[in-house]
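Asks: Sending over a structure as structure tokens; questions will come in a sec.
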Amino acid sequence: AVRNAVLDNVQRSVVLNLPTKEKVGIHLIGIVLSVCAGAANAIAFATFKYYVSHVSGSSTAIGLRMEGLQKPGDVLIVVELVFYFIVGSVIAGLIIPSATMKMGQARYELVLFLVAAMELVCWMHNLRYPEMLAAAMGLQNAMISSWSGNAVRTTHMTGTATDMGSALGRICARYCMKGFNYTDEDWDLHIVDRQKFVLMTCLLVSFIVGGDIGARGYRSFGVHSLFIPASLTIILGIGHMIYSMVNKEEMAQEKKAEEIFARQLSGQDAGEDADDAAAEQFIRQISGGGAKADRVEQFVRQISGKPADAGIGG
């Protein structure tokens with residue numbers, strides 16, 4: 001429970017202190033992928049009369065079809081949609097073995113290229129295989145979940161709408177209880193909720209826009225409309241690859257510091273002063289420096305059983 005509390009504070013600090021380019025990157029990637037998923041989902045429904053970007057409807061359809069309330073006897077196709085969505089997620093897990101906190105710390109471009117490749121395979125076969133699109137959506141959703149620490153979804157909007165509503169509810173509740181007489185922690189929570197509300201709203205609107213783009217594209221270009229989400233996904237993959245090459249050294253240092261900090265939270269000894277310094281630098285980076293960083297460092301020392309004047313690794 002204590003470790004989870006620390007991780008929650010770390011995630012909050014990351015949100016509060018992201019560089020502008022990373023904030024823009026998060027919104028841009030989320031918006032583009034939501035447009036892609038909305039378009040692919042609309043194209044799939046226009047072609048097959050099935051939604052492929054989420055499994056809730058397909059899972060319900062299994063029960064309905066087993067009982068003859070929806071297309072009696074046609075159960076296999078919806079079972080395959082659920083199965084291939086999971087297969088896509090498994091592939092993402094094989095490529096991205098753990099959640100990361102920064103862009104460029106995993107082979108996201110490889111996943112994006114695979115998503116586009118699956119969409120193009122479906123196009124090459126004249127949209128005869130909806131399960132291939134379902135796998136692409138599972139792959140994309142697992143990738144964005146790993147990158148964002150399960151905070152962002154792009155292929156279905158249920159969680160997005162839930163997060164948007166709950167963030168708005170907390171903002172309203174905080175204002176009703178305190179007006180604008182907020183403590184520093186209240187302001188931090190307010191900023192986190194406000195940023196989440198804005199991001200979730202952008203994702204939801206982007207998914208709707210993507211659905212409209214997909215529908216218009218299908219009406220105008222038929223099967224070739226799949227080039228819309230595939231090309232956008234390829235562009236994102238190329239962009240991530242360039243970002244990773246340009247910021248290679250900086251990302252390697254951040255990843256090392258993050259791994260050291262994670263080991264210390266789990267009770268393992270970092271072992272070297274250099275590692276201690278790296279972990280402290282990581283805390284100061286995500287906390288924005290100053291007194292907030294000192295409080296986080298002190299808390300980590302306390303839960304690790306270290307004296308107050310010792311380094312984090314002790």
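For the structure tokens, the naming scheme is as follows: chains receive sequential letters (A, B, ...) according to their order of presentation, residues are indexed from 1 within each chain, and ligands are indexed from 1 in presentation order.
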For stretch 111-205 of chain A versus stretch 44-63 of chain A, which residues have an atom no more than 7 Å away, and what is each residue's nearest atom pair and distance in Å rounded to one decimal, using only C-alpha atoms, chain-then-number order, as CSV?
Replies:
residue,atom,partner,partner_atom,distance
A:Pro130,CA,A:Ala44,CA,6.7
A:Leu133,CA,A:Val52,CA,6.4
A:Ala134,CA,A:Val52,CA,4.7
A:Met137,CA,A:Ser53,CA,5.3
A:Thr155,CA,A:Ser53,CA,5.1
A:His156,CA,A:His54,CA,5.7
Asks: Each residue of stretch 6-100 of chain A with at least one atom at most 6 Å from stretch 190-206 of chain A should appear once, together with its nearest atom pair and the corresponding distance in Å (one decimal); atoms considered: only C-alpha atoms; ordering: chain, then increasing residue number; output as a tab-separated table.
Replies:
residue	atom	partner	partner_atom	distance
A:Ile31	CA	A:Leu203	CA	5.4
A:Ser34	CA	A:Ser206	CA	5.6
A:Val35	CA	A:Ser206	CA	5.1
Asks: Go ahead and write the residues just picked, all heavy atoms, as a tab-separated table (two decimals), in the first residue's frame.
Replies:
chain	number	residue	atom	x	y	z
A	31	ILE	N	-4.49	11.96	-29.75
A	31	ILE	CA	-5.50	12.46	-30.69
A	31	ILE	C	-5.42	11.71	-32.02
A	31	ILE	O	-6.43	11.26	-32.56
A	31	ILE	CB	-5.34	13.98	-30.90
A	31	ILE	CG1	-5.81	14.74	-29.65
A	31	ILE	CG2	-6.09	14.45	-32.13
A	31	ILE	CD1	-5.48	16.21	-29.66
A	34	SER	N	-6.57	8.12	-31.66
A	34	SER	CA	-8.02	8.06	-31.48
A	34	SER	C	-8.74	8.27	-32.81
A	34	SER	O	-9.73	7.59	-33.11
A	34	SER	CB	-8.48	9.12	-30.46
A	34	SER	OG	-7.98	8.83	-29.17
A	35	VAL	N	-8.24	9.20	-33.62
A	35	VAL	CA	-8.80	9.40	-34.95
A	35	VAL	C	-8.65	8.12	-35.78
A	35	VAL	O	-9.60	7.69	-36.45
A	35	VAL	CB	-8.11	10.59	-35.66
A	35	VAL	CG1	-8.49	10.63	-37.14
A	35	VAL	CG2	-8.48	11.90	-34.99
Asks: What does the distance from atom CA of A:Gly68 to atom CA of A:Tyr84 come to in Å, to one decimal?
Replies: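 Calculated distance between atom CA of A:Gly68 and atom CA of A:Tyr84 is 23.5 Å.
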Asks: Can you pull out the residues contacting A:Ile29? Cut-off 10 Å, using only C-alpha atoms, and skip same-chain residues under 3 positions away; I want them as a list of chain:residue names.
Replies: A:Val24, A:Gly25, A:Ile26, A:Val32, A:Leu33, A:Ser34, A:Val35, A:Ile144, A:Thr154, A:Leu203, A:Thr233, A:Leu236, A:His240
Asks: Go ahead and write the selection's residues with all heavy atoms as a tab-separated table (two decimals), in the first residue's frame.
Replies:
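Generated output (again.tsv):
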chain	number	residue	atom	x	y	z
A	24	VAL	N	2.74	18.17	-25.37
A	24	VAL	CA	2.25	18.26	-26.75
A	24	VAL	C	2.27	16.87	-27.39
A	24	VAL	O	1.34	16.48	-28.10
A	24	VAL	CB	3.10	19.25	-27.57
A	24	VAL	CG1	2.72	19.19	-29.04
A	24	VAL	CG2	2.93	20.67	-27.03
A	25	GLY	N	3.36	16.12	-27.13
A	25	GLY	CA	3.48	14.77	-27.69
A	25	GLY	C	2.37	13.85	-27.22
A	25	GLY	O	1.79	13.10	-28.02
A	26	ILE	N	2.05	13.89	-25.92
A	26	ILE	CA	0.99	13.05	-25.38
A	26	ILE	C	-0.34	13.36	-26.05
A	26	ILE	O	-1.08	12.45	-26.48
A	26	ILE	CB	0.88	13.25	-23.85
A	26	ILE	CG1	2.09	12.63	-23.15
A	26	ILE	CG2	-0.41	12.62	-23.32
A	26	ILE	CD1	2.15	12.92	-21.67
A	32	VAL	N	-4.21	11.57	-32.54
A	32	VAL	CA	-4.05	10.91	-33.84
A	32	VAL	C	-4.48	9.45	-33.76
A	32	VAL	O	-5.19	8.94	-34.64
A	32	VAL	CB	-2.60	11.03	-34.33
A	32	VAL	CG1	-2.39	10.19	-35.59
A	32	VAL	CG2	-2.24	12.48	-34.62
A	33	LEU	N	-4.07	8.75	-32.71
A	33	LEU	CA	-4.45	7.35	-32.59
A	33	LEU	C	-5.95	7.18	-32.36
A	33	LEU	O	-6.54	6.19	-32.81
A	33	LEU	CB	-3.66	6.68	-31.46
A	33	LEU	CG	-2.17	6.44	-31.75
A	33	LEU	CD1	-1.48	5.80	-30.55
A	33	LEU	CD2	-1.98	5.59	-33.00
A	34	SER	N	-6.57	8.12	-31.66
A	34	SER	CA	-8.02	8.06	-31.48
A	34	SER	C	-8.74	8.27	-32.81
A	34	SER	O	-9.73	7.59	-33.11
A	34	SER	CB	-8.48	9.12	-30.46
A	34	SER	OG	-7.98	8.83	-29.17
A	35	VAL	N	-8.24	9.20	-33.62
A	35	VAL	CA	-8.80	9.40	-34.95
A	35	VAL	C	-8.65	8.12	-35.78
A	35	VAL	O	-9.60	7.69	-36.45
A	35	VAL	CB	-8.11	10.59	-35.66
A	35	VAL	CG1	-8.49	10.63	-37.14
A	35	VAL	CG2	-8.48	11.90	-34.99
A	144	ILE	N	-0.55	1.92	-26.27
A	144	ILE	CA	-0.79	3.22	-25.64
A	144	ILE	C	-1.02	3.06	-24.15
A	144	ILE	O	-0.68	3.94	-23.36
A	144	ILE	CB	-1.99	3.93	-26.31
A	144	ILE	CG1	-1.97	5.43	-25.98
A	144	ILE	CG2	-3.31	3.31	-25.92
A	144	ILE	CD1	-0.86	6.18	-26.66
A	154	THR	N	-7.24	4.58	-26.59
A	154	THR	CA	-7.56	5.24	-27.86
A	154	THR	C	-8.51	4.44	-28.73
A	154	THR	O	-9.07	5.00	-29.67
A	154	THR	CB	-6.28	5.50	-28.67
A	154	THR	OG1	-5.61	4.26	-28.93
A	154	THR	CG2	-5.35	6.44	-27.92
A	203	LEU	N	-9.52	13.22	-26.58
A	203	LEU	CA	-9.55	11.85	-27.10
A	203	LEU	C	-10.96	11.47	-27.56
A	203	LEU	O	-11.13	10.86	-28.63
A	203	LEU	CB	-9.07	10.87	-26.03
A	203	LEU	CG	-7.62	11.01	-25.57
A	203	LEU	CD1	-7.31	9.96	-24.51
A	203	LEU	CD2	-6.65	10.91	-26.72
A	233	THR	N	-0.84	6.21	-38.86
A	233	THR	CA	-0.10	5.39	-37.91
A	233	THR	C	1.37	5.27	-38.33
A	233	THR	O	2.28	5.31	-37.48
A	233	THR	CB	-0.73	3.99	-37.80
A	233	THR	OG1	-2.11	4.13	-37.46
A	233	THR	CG2	-0.04	3.17	-36.73
A	236	LEU	N	3.19	8.43	-37.42
A	236	LEU	CA	3.51	8.45	-35.99
A	236	LEU	C	4.72	7.57	-35.69
A	236	LEU	O	5.58	7.94	-34.89
A	236	LEU	CB	2.31	7.98	-35.17
A	236	LEU	CG	1.23	9.00	-34.82
A	236	LEU	CD1	0.18	8.35	-33.93
A	236	LEU	CD2	1.81	10.23	-34.14
A	240	HIS	N	8.17	8.82	-34.01
A	240	HIS	CA	8.74	8.28	-32.78
A	240	HIS	C	10.16	7.79	-33.00
A	240	HIS	O	11.03	7.95	-32.13
A	240	HIS	CB	7.87	7.13	-32.25
A	240	HIS	CG	8.33	6.61	-30.93
A	240	HIS	ND1	9.22	5.56	-30.82
A	240	HIS	CD2	8.04	7.00	-29.66
A	240	HIS	CE1	9.45	5.32	-29.55
A	240	HIS	NE2	8.75	6.17	-28.82
